[in-house]
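One file, model-v1.cif, is given below (mmCIF, C-alpha atoms).
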```
data_protein
loop_
_atom_site.label_atom_id
_atom_site.label_comp_id
_atom_site.auth_asym_id
_atom_site.auth_seq_id
_atom_site.Cartn_x
_atom_site.Cartn_y
_atom_site.Cartn_z
CA ALA A 1 -7.37 21.99 0.78
CA GLN A 2 -5.25 18.91 0.53
CA LYS A 3 -4.37 17.26 -2.75
CA VAL A 4 -2.38 14.23 -3.87
CA THR A 5 -1.03 13.93 -7.39
CA GLN A 6 0.15 10.72 -8.97
CA ALA A 7 1.14 11.85 -12.43
CA GLN A 8 1.97 8.37 -13.70
CA THR A 9 -1.25 6.73 -14.81
CA GLU A 10 0.29 3.48 -15.92
CA ILE A 11 3.78 1.98 -15.87
CA SER A 12 4.94 -1.21 -17.54
CA VAL A 13 8.20 -2.89 -16.62
CA VAL A 14 9.85 -6.23 -17.20
CA GLU A 15 10.41 -8.45 -14.21
CA LYS A 16 13.57 -7.67 -12.21
CA GLU A 17 13.57 -4.03 -13.24
CA ASP A 18 13.43 -1.34 -10.56
CA VAL A 19 10.48 1.02 -10.72
CA THR A 20 9.64 4.26 -8.91
CA LEU A 21 6.11 5.50 -8.39
CA ASP A 22 5.82 9.24 -7.85
CA CYS A 23 3.59 11.01 -5.36
CA VAL A 24 3.37 14.76 -4.86
CA TYR A 25 1.12 16.25 -2.20
CA GLU A 26 -0.25 19.63 -1.19
CA THR A 27 -1.26 20.62 2.30
CA ARG A 28 -1.29 23.74 4.44
CA ASP A 29 -0.95 21.77 7.62
CA THR A 30 2.39 21.24 9.34
CA THR A 31 1.32 17.92 10.82
CA TYR A 32 0.17 15.28 8.39
CA TYR A 33 0.51 11.63 7.44
CA LEU A 34 1.34 10.04 4.12
CA PHE A 35 0.29 6.55 3.07
CA TRP A 36 0.82 4.05 0.30
CA TYR A 37 -1.68 1.31 -0.51
CA LYS A 38 -1.60 -1.52 -3.03
CA GLN A 39 -4.77 -2.64 -4.81
CA PRO A 40 -4.25 -5.95 -6.65
CA PRO A 41 -6.78 -7.16 -9.23
CA SER A 42 -8.80 -8.76 -6.44
CA GLY A 43 -9.75 -5.23 -5.37
CA GLU A 44 -8.66 -5.31 -1.76
CA LEU A 45 -6.63 -2.36 -0.49
CA VAL A 46 -3.41 -3.46 1.18
CA PHE A 47 -1.71 -1.08 3.59
CA LEU A 48 1.99 -0.61 2.81
CA ILE A 49 3.26 2.30 4.87
CA ARG A 50 2.33 5.35 6.91
CA ARG A 51 4.83 8.17 7.42
CA ASN A 52 4.34 11.28 9.54
CA SER A 53 5.48 14.71 8.47
CA PHE A 54 8.17 14.94 11.13
CA ASP A 55 10.04 11.88 9.99
CA GLU A 56 11.93 12.40 6.75
CA GLN A 57 14.05 9.31 7.07
CA ASN A 58 13.80 7.02 4.13
CA GLU A 59 12.35 3.61 4.84
CA ILE A 60 13.17 0.23 3.39
CA SER A 61 11.11 -2.91 3.75
CA GLY A 62 12.41 -5.79 1.70
CA ARG A 63 12.17 -4.83 -1.96
CA TYR A 64 10.15 -1.73 -1.12
CA SER A 65 11.60 1.65 -0.23
CA TRP A 66 10.13 5.08 0.27
CA ASN A 67 11.74 8.48 -0.21
CA PHE A 68 10.05 11.32 1.68
CA GLN A 69 11.23 14.84 0.79
CA LYS A 70 9.36 17.74 2.40
CA SER A 71 11.31 20.27 0.32
CA THR A 72 9.62 18.98 -2.82
CA SER A 73 6.43 17.68 -1.14
CA SER A 74 7.05 14.23 -2.50
CA PHE A 75 6.72 10.73 -1.12
CA ASN A 76 7.99 8.38 -3.80
CA PHE A 77 7.83 4.61 -3.71
CA THR A 78 10.44 2.34 -5.29
CA ILE A 79 10.14 -1.37 -5.94
CA THR A 80 13.49 -3.04 -6.48
CA ALA A 81 13.73 -6.12 -8.68
CA SER A 82 10.04 -6.05 -9.53
CA GLN A 83 8.03 -9.26 -9.75
CA VAL A 84 4.83 -10.20 -11.54
CA VAL A 85 3.04 -10.28 -8.18
CA ASP A 86 3.75 -6.57 -7.85
CA SER A 87 1.27 -5.88 -10.63
CA ALA A 88 -1.45 -3.74 -9.08
CA VAL A 89 -2.74 -0.22 -8.73
CA TYR A 90 -0.81 1.75 -6.14
CA PHE A 91 -2.40 4.65 -4.30
CA CYS A 92 -0.70 7.42 -2.39
CA ALA A 93 -2.84 9.14 0.25
CA LEU A 94 -2.64 12.05 2.68
CA SER A 95 -4.24 12.66 6.04
CA GLU A 96 -4.02 16.09 7.59
CA ASP A 97 -5.54 15.07 10.91
CA LEU A 98 -3.78 13.24 13.67
CA PRO A 99 -5.09 9.72 14.08
CA SER A 100 -7.77 9.25 16.69
CA THR A 101 -7.43 12.57 18.44
CA GLY A 102 -11.15 13.07 18.17
CA THR A 103 -11.02 14.27 14.61
CA ALA A 104 -11.40 11.95 11.70
CA SER A 105 -8.29 10.79 9.90
CA LYS A 106 -9.77 11.41 6.51
CA LEU A 107 -7.62 10.12 3.70
CA THR A 108 -7.29 12.04 0.46
CA PHE A 109 -6.20 9.67 -2.26
CA GLY A 110 -4.29 10.23 -5.45
CA THR A 111 -5.66 8.84 -8.68
CA GLY A 112 -3.41 5.80 -8.52
CA THR A 113 -0.67 4.34 -10.69
CA ARG A 114 -1.29 1.04 -12.43
CA LEU A 115 1.89 -1.05 -12.45
CA GLN A 116 2.16 -3.91 -14.91
CA VAL A 117 5.11 -6.26 -14.46
CA THR A 118 5.67 -8.75 -17.24
CA LEU A 119 8.01 -11.68 -17.67
CA SER B 1 -3.65 -5.62 11.91
CA ALA B 2 -7.40 -5.36 12.26
CA VAL B 3 -9.35 -7.97 10.34
CA ILE B 4 -12.27 -6.42 8.52
CA SER B 5 -15.06 -8.26 6.74
CA GLN B 6 -17.80 -6.90 4.54
CA LYS B 7 -21.09 -8.36 3.37
CA PRO B 8 -22.10 -8.80 0.66
CA SER B 9 -18.90 -9.07 -1.34
CA ARG B 10 -20.79 -8.18 -4.48
CA ASP B 11 -24.35 -7.62 -5.64
CA ILE B 12 -26.33 -6.69 -8.69
CA CYS B 13 -29.33 -4.53 -7.91
CA GLN B 14 -32.20 -2.98 -9.76
CA ARG B 15 -32.54 0.75 -10.17
CA GLY B 16 -34.66 2.32 -7.40
CA THR B 17 -33.92 -0.31 -4.77
CA SER B 18 -31.69 -0.06 -1.71
CA LEU B 19 -28.78 -2.17 -0.49
CA THR B 20 -27.31 -2.34 2.99
CA ILE B 21 -23.62 -3.18 3.30
CA GLN B 22 -22.25 -4.53 6.55
CA CYS B 23 -18.78 -4.00 7.95
CA GLN B 24 -17.48 -6.08 10.85
CA VAL B 25 -14.14 -5.62 12.64
CA ASP B 26 -12.44 -8.14 14.89
CA SER B 27 -11.53 -5.53 17.51
CA GLN B 28 -13.06 -2.43 19.01
CA VAL B 29 -12.31 0.72 17.06
CA THR B 30 -13.37 4.30 17.55
CA MET B 31 -13.56 5.50 14.00
CA MET B 32 -14.94 3.68 10.99
CA PHE B 33 -14.93 5.18 7.54
CA TRP B 34 -16.89 4.49 4.36
CA TYR B 35 -15.31 5.10 0.97
CA ARG B 36 -16.56 4.79 -2.57
CA GLN B 37 -14.45 3.79 -5.55
CA GLN B 38 -16.17 4.31 -8.87
CA PRO B 39 -14.98 2.16 -11.79
CA GLY B 40 -11.39 2.93 -12.68
CA GLN B 41 -11.29 5.81 -10.22
CA SER B 42 -9.69 6.65 -6.94
CA LEU B 43 -11.30 6.41 -3.52
CA THR B 44 -13.55 9.11 -2.11
CA LEU B 45 -14.63 9.35 1.50
CA ILE B 46 -18.38 9.18 1.96
CA ALA B 47 -18.63 9.58 5.72
CA THR B 48 -17.05 8.94 9.08
CA ALA B 49 -18.95 6.85 11.60
CA ASN B 50 -18.25 7.28 15.29
CA GLN B 51 -19.98 4.97 17.73
CA GLY B 52 -22.85 6.64 19.56
CA SER B 53 -23.13 9.67 17.33
CA GLU B 54 -24.43 10.57 13.90
CA ALA B 55 -22.15 9.99 10.97
CA THR B 56 -20.30 12.94 9.48
CA TYR B 57 -20.77 13.22 5.73
CA GLU B 58 -18.38 14.67 3.19
CA SER B 59 -19.38 17.26 0.66
CA GLY B 60 -21.52 15.72 -2.04
CA PHE B 61 -22.87 12.90 0.14
CA VAL B 62 -26.11 13.13 2.13
CA ILE B 63 -27.68 11.03 4.82
CA ASP B 64 -30.88 10.40 2.89
CA LYS B 65 -28.91 8.72 0.12
CA PHE B 66 -26.28 6.97 2.27
CA PRO B 67 -27.68 6.35 5.76
CA ILE B 68 -25.10 4.87 8.13
CA SER B 69 -25.50 3.04 11.39
CA ARG B 70 -22.83 2.43 14.03
CA PRO B 71 -24.47 0.47 16.83
CA ASN B 72 -21.26 -0.64 18.56
CA LEU B 73 -17.48 -0.45 18.38
CA THR B 74 -17.05 -3.38 15.96
CA PHE B 75 -19.86 -2.95 13.43
CA SER B 76 -21.29 -0.48 10.95
CA THR B 77 -23.67 -0.49 8.02
CA LEU B 78 -23.93 1.71 4.95
CA THR B 79 -27.14 1.78 2.94
CA VAL B 80 -27.18 2.91 -0.65
CA SER B 81 -30.73 4.14 -1.19
CA ASN B 82 -32.84 4.57 -4.31
CA MET B 83 -29.99 3.32 -6.44
CA SER B 84 -29.18 4.44 -9.95
CA PRO B 85 -26.52 3.11 -12.35
CA GLU B 86 -24.22 5.95 -11.19
CA ASP B 87 -24.04 4.24 -7.80
CA SER B 88 -22.23 1.28 -9.36
CA SER B 89 -18.97 1.26 -7.42
CA ILE B 90 -16.87 -0.57 -4.91
CA TYR B 91 -17.80 0.46 -1.38
CA LEU B 92 -15.10 0.00 1.23
CA CYS B 93 -15.08 0.42 4.96
CA SER B 94 -11.91 1.20 6.84
CA VAL B 95 -10.79 1.54 10.43
CA GLU B 96 -7.92 2.92 12.39
CA ASP B 97 -6.26 0.15 14.37
CA PRO B 98 -5.08 1.40 17.76
CA ARG B 99 -2.99 -1.74 18.11
CA GLN B 100 -1.01 -0.73 15.04
CA GLY B 101 -0.33 2.92 15.75
CA TYR B 102 -3.68 3.95 14.27
CA GLU B 103 -2.73 2.85 10.80
CA GLN B 104 -5.78 2.72 8.58
CA TYR B 105 -6.88 -0.62 7.16
CA PHE B 106 -9.55 -1.43 4.62
CA GLY B 107 -12.12 -4.15 4.24
CA PRO B 108 -12.28 -6.26 1.07
CA GLY B 109 -14.96 -4.06 -0.43
CA THR B 110 -18.46 -4.58 -1.81
CA ARG B 111 -18.79 -4.49 -5.60
CA LEU B 112 -22.16 -3.03 -6.45
CA THR B 113 -23.65 -3.03 -9.93
CA VAL B 114 -26.92 -1.22 -10.52
CA THR B 115 -28.88 -2.10 -13.63
#
```

Can the structure in the file be given as structure tokens, please?
Amino acid sequence: AQKVTQAQTEISVVEKEDVTLDCVYETRDTTYYLFWYKQPPSGELVFLIRRNSFDEQNEISGRYSWNFQKSTSSFNFTITASQVVDSAVYFCALSEDLPSTGTASKLTFGTGTRLQVTL
Amino acid sequence: SAVISQKPSRDICQRGTSLTIQCQVDSQVTMMFWYRQQPGQSLTLIATANQGSEATYESGFVIDKFPISRPNLTFSTLTVSNMSPEDSSIYLCSVEDPRQGYEQYFGPGTRLTVT
């Protein structure tokens, strides 16, 4: 069975600080996808990134960066120079199935990390 | 990315009644998914809805309680039947967008409160 662990329940930082959100996953499959989503107070889930298990290159998108390490089964998310608008709950998720191959790409979510950025 | 809308955005319902939630996508998609997010909790998949076939339910969810329709490639409904306060949750639909490498996007959610 697949499992996603986000051990940090809540993190508080002051604006402009860097912050890393941890995600550890468990899966027996060799092919899988990892996701990060942002859920602001409005409740909508915002897609941030999808990474497949064959691509361990780190990714950077503006102030966001992701560090994927298969050796430790981790897919951590770093926000550089955090801003108040980054305040949200962040979810890490895992899909063991390939997208749209006829099997459902069911997402298993972690419990989320609530990030509070203050001035 | 796919644009997904849900109706209603929120509702307050009486115990024992049913509510049907609609999910509309601006493009044709094969798979649509329904998730539940209980207050302060993570998301849990209820079922997968493929056009032209019966929905596939996850463990702990049954068709009698959460009937799903998928009449075409852009629309689906989820009904929460015989509601109890434990059904108070956010219900979200999601789709894989083939135009975006099958990344999975979510609708804005339906906030349901059962009294």

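Minimum distance to Leu34 (chain A) across A:Leu119, A:Val14, A:Leu48, A:Val89 (counting only C-alpha atoms) occurs at A:Leu48.
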
Exercise answer, chain B residues close to chain A, 8 Å and all atoms listed in the file, as a short mmCIF file (atom, residue, chain, number, x, y, z; two decimals) with C-alpha atoms, in the frame of the given file:
```
data_model
loop_
_atom_site.label_atom_id
_atom_site.label_comp_id
_atom_site.auth_asym_id
_atom_site.auth_seq_id
_atom_site.Cartn_x
_atom_site.Cartn_y
_atom_site.Cartn_z
CA THR B 30 -13.37 4.30 17.55
CA MET B 31 -13.56 5.50 14.00
CA GLN B 41 -11.29 5.81 -10.22
CA SER B 42 -9.69 6.65 -6.94
CA LEU B 43 -11.30 6.41 -3.52
CA THR B 44 -13.55 9.11 -2.11
CA LEU B 45 -14.63 9.35 1.50
CA THR B 48 -17.05 8.94 9.08
CA GLU B 96 -7.92 2.92 12.39
CA TYR B 102 -3.68 3.95 14.27
CA GLU B 103 -2.73 2.85 10.80
CA GLN B 104 -5.78 2.72 8.58
CA TYR B 105 -6.88 -0.62 7.16
CA PHE B 106 -9.55 -1.43 4.62
CA GLY B 107 -12.12 -4.15 4.24
CA PRO B 108 -12.28 -6.26 1.07
CA GLY B 109 -14.96 -4.06 -0.43
#
```

_Within 8 Å of region 87-89 of chain B using all atoms listed in the file, minus same-chain residues under 2 positions, as a list in words_ = Arg36, Gln37, Gln38, Pro39, Val80, Met83, Ser84, Pro85, Tyr91, Arg111, Leu112, Thr113 and Val114 of chain B

Could you pull the residues within 7 Å of Asp26 (chain B), counting only C-alpha atoms, minus those fewer than 5 positions along the same chain, as an mmCIF file with C-alpha atoms, in the frame of the given file?
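Written output follows (part-v6.cif):
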```cif
data_model
loop_
_atom_site.group_PDB
_atom_site.id
_atom_site.type_symbol
_atom_site.label_atom_id
_atom_site.label_comp_id
_atom_site.auth_asym_id
_atom_site.auth_seq_id
_atom_site.Cartn_x
_atom_site.Cartn_y
_atom_site.Cartn_z
ATOM 1 C CA ALA B 2 -7.400 -5.360 12.260
ATOM 2 C CA VAL B 3 -9.350 -7.970 10.340
ATOM 3 C CA ILE B 4 -12.270 -6.420 8.520
ATOM 4 C CA THR B 74 -17.050 -3.380 15.960
#
```

*Excluding region 56-60 of chain A and any residue of its chain fewer than 4 positions from it, enumerate the residues within 12 Å of it, using only C-alpha atoms, and give them as a ChimeraX atom specification.*
/A:33-34,48-52,64-80

Go ahead and save the residues from that selection, with C-alpha atoms, as a tab-separated table (two decimals), in the coordinates of the input.
```tsv
chain	number	residue	atom	x	y	z
A	33	TYR	CA	0.51	11.63	7.44
A	34	LEU	CA	1.34	10.04	4.12
A	48	LEU	CA	1.99	-0.61	2.81
A	49	ILE	CA	3.26	2.30	4.87
A	50	ARG	CA	2.33	5.35	6.91
A	51	ARG	CA	4.83	8.17	7.42
A	52	ASN	CA	4.34	11.28	9.54
A	64	TYR	CA	10.15	-1.73	-1.12
A	65	SER	CA	11.60	1.65	-0.23
A	66	TRP	CA	10.13	5.08	0.27
A	67	ASN	CA	11.74	8.48	-0.21
A	68	PHE	CA	10.05	11.32	1.68
A	69	GLN	CA	11.23	14.84	0.79
A	70	LYS	CA	9.36	17.74	2.40
A	71	SER	CA	11.31	20.27	0.32
A	72	THR	CA	9.62	18.98	-2.82
A	73	SER	CA	6.43	17.68	-1.14
A	74	SER	CA	7.05	14.23	-2.50
A	75	PHE	CA	6.72	10.73	-1.12
A	76	ASN	CA	7.99	8.38	-3.80
A	77	PHE	CA	7.83	4.61	-3.71
A	78	THR	CA	10.44	2.34	-5.29
A	79	ILE	CA	10.14	-1.37	-5.94
A	80	THR	CA	13.49	-3.04	-6.48
```

*Have a look at A:Gln8, A:Ser53, A:Leu94, A:Lys38 and name the one nearest to Tyr25 (chain A); count only C-alpha atoms.*
A:Leu94

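Picked by the PyMOL selection byres ((chain A and resi 5) around 6) from the coordinates shown: Val4, Gln6, Ala7, Cys23, Val24 and Gly110 of chain A.
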
_Point-to-point distance from CA of Thr113 (chain A) to CA of Ser82 (chain A), Å rounded to tenths_ = 15.0 Å

*Report as a list in words the residues that result from applying the PyMOL selection byres ((chain A and resi 118) around 9) to the structure here.*
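Evaluating the PyMOL selection byres ((chain A and resi 118) around 9) on this file yields Ser12, Val13, Val14, Glu15, Gln83, Val84, Ser87, Gln116, Val117 and Leu119 of chain A.
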
*So how far away is CA of Ser76 (chain B) from CA of Gln24 (chain B), in Å?*
6.8 Å

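Note that CA of Ser69 (chain B) and CA of Ser5 (chain B) are 16.1 Å apart.
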
Near-region 61-68 of chain B list (9 Å; all atoms listed in the file; drop same-chain fewer than 2 positions) as a short mmCIF file (atom, residue, chain, number, x, y, z; two decimals) with C-alpha atoms, keeping the file's coordinate frame:
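Saved the output as part00.cif:
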```cif
data_model
loop_
_atom_site.label_atom_id
_atom_site.label_comp_id
_atom_site.auth_asym_id
_atom_site.auth_seq_id
_atom_site.Cartn_x
_atom_site.Cartn_y
_atom_site.Cartn_z
CA ILE B 46 -18.38 9.18 1.96
CA ALA B 47 -18.63 9.58 5.72
CA ALA B 49 -18.95 6.85 11.60
CA GLU B 54 -24.43 10.57 13.90
CA ALA B 55 -22.15 9.99 10.97
CA THR B 56 -20.30 12.94 9.48
CA TYR B 57 -20.77 13.22 5.73
CA GLU B 58 -18.38 14.67 3.19
CA SER B 59 -19.38 17.26 0.66
CA ARG B 70 -22.83 2.43 14.03
CA SER B 76 -21.29 -0.48 10.95
CA THR B 77 -23.67 -0.49 8.02
CA LEU B 78 -23.93 1.71 4.95
CA THR B 79 -27.14 1.78 2.94
CA VAL B 80 -27.18 2.91 -0.65
CA SER B 81 -30.73 4.14 -1.19
CA ASN B 82 -32.84 4.57 -4.31
CA MET B 83 -29.99 3.32 -6.44
#
```
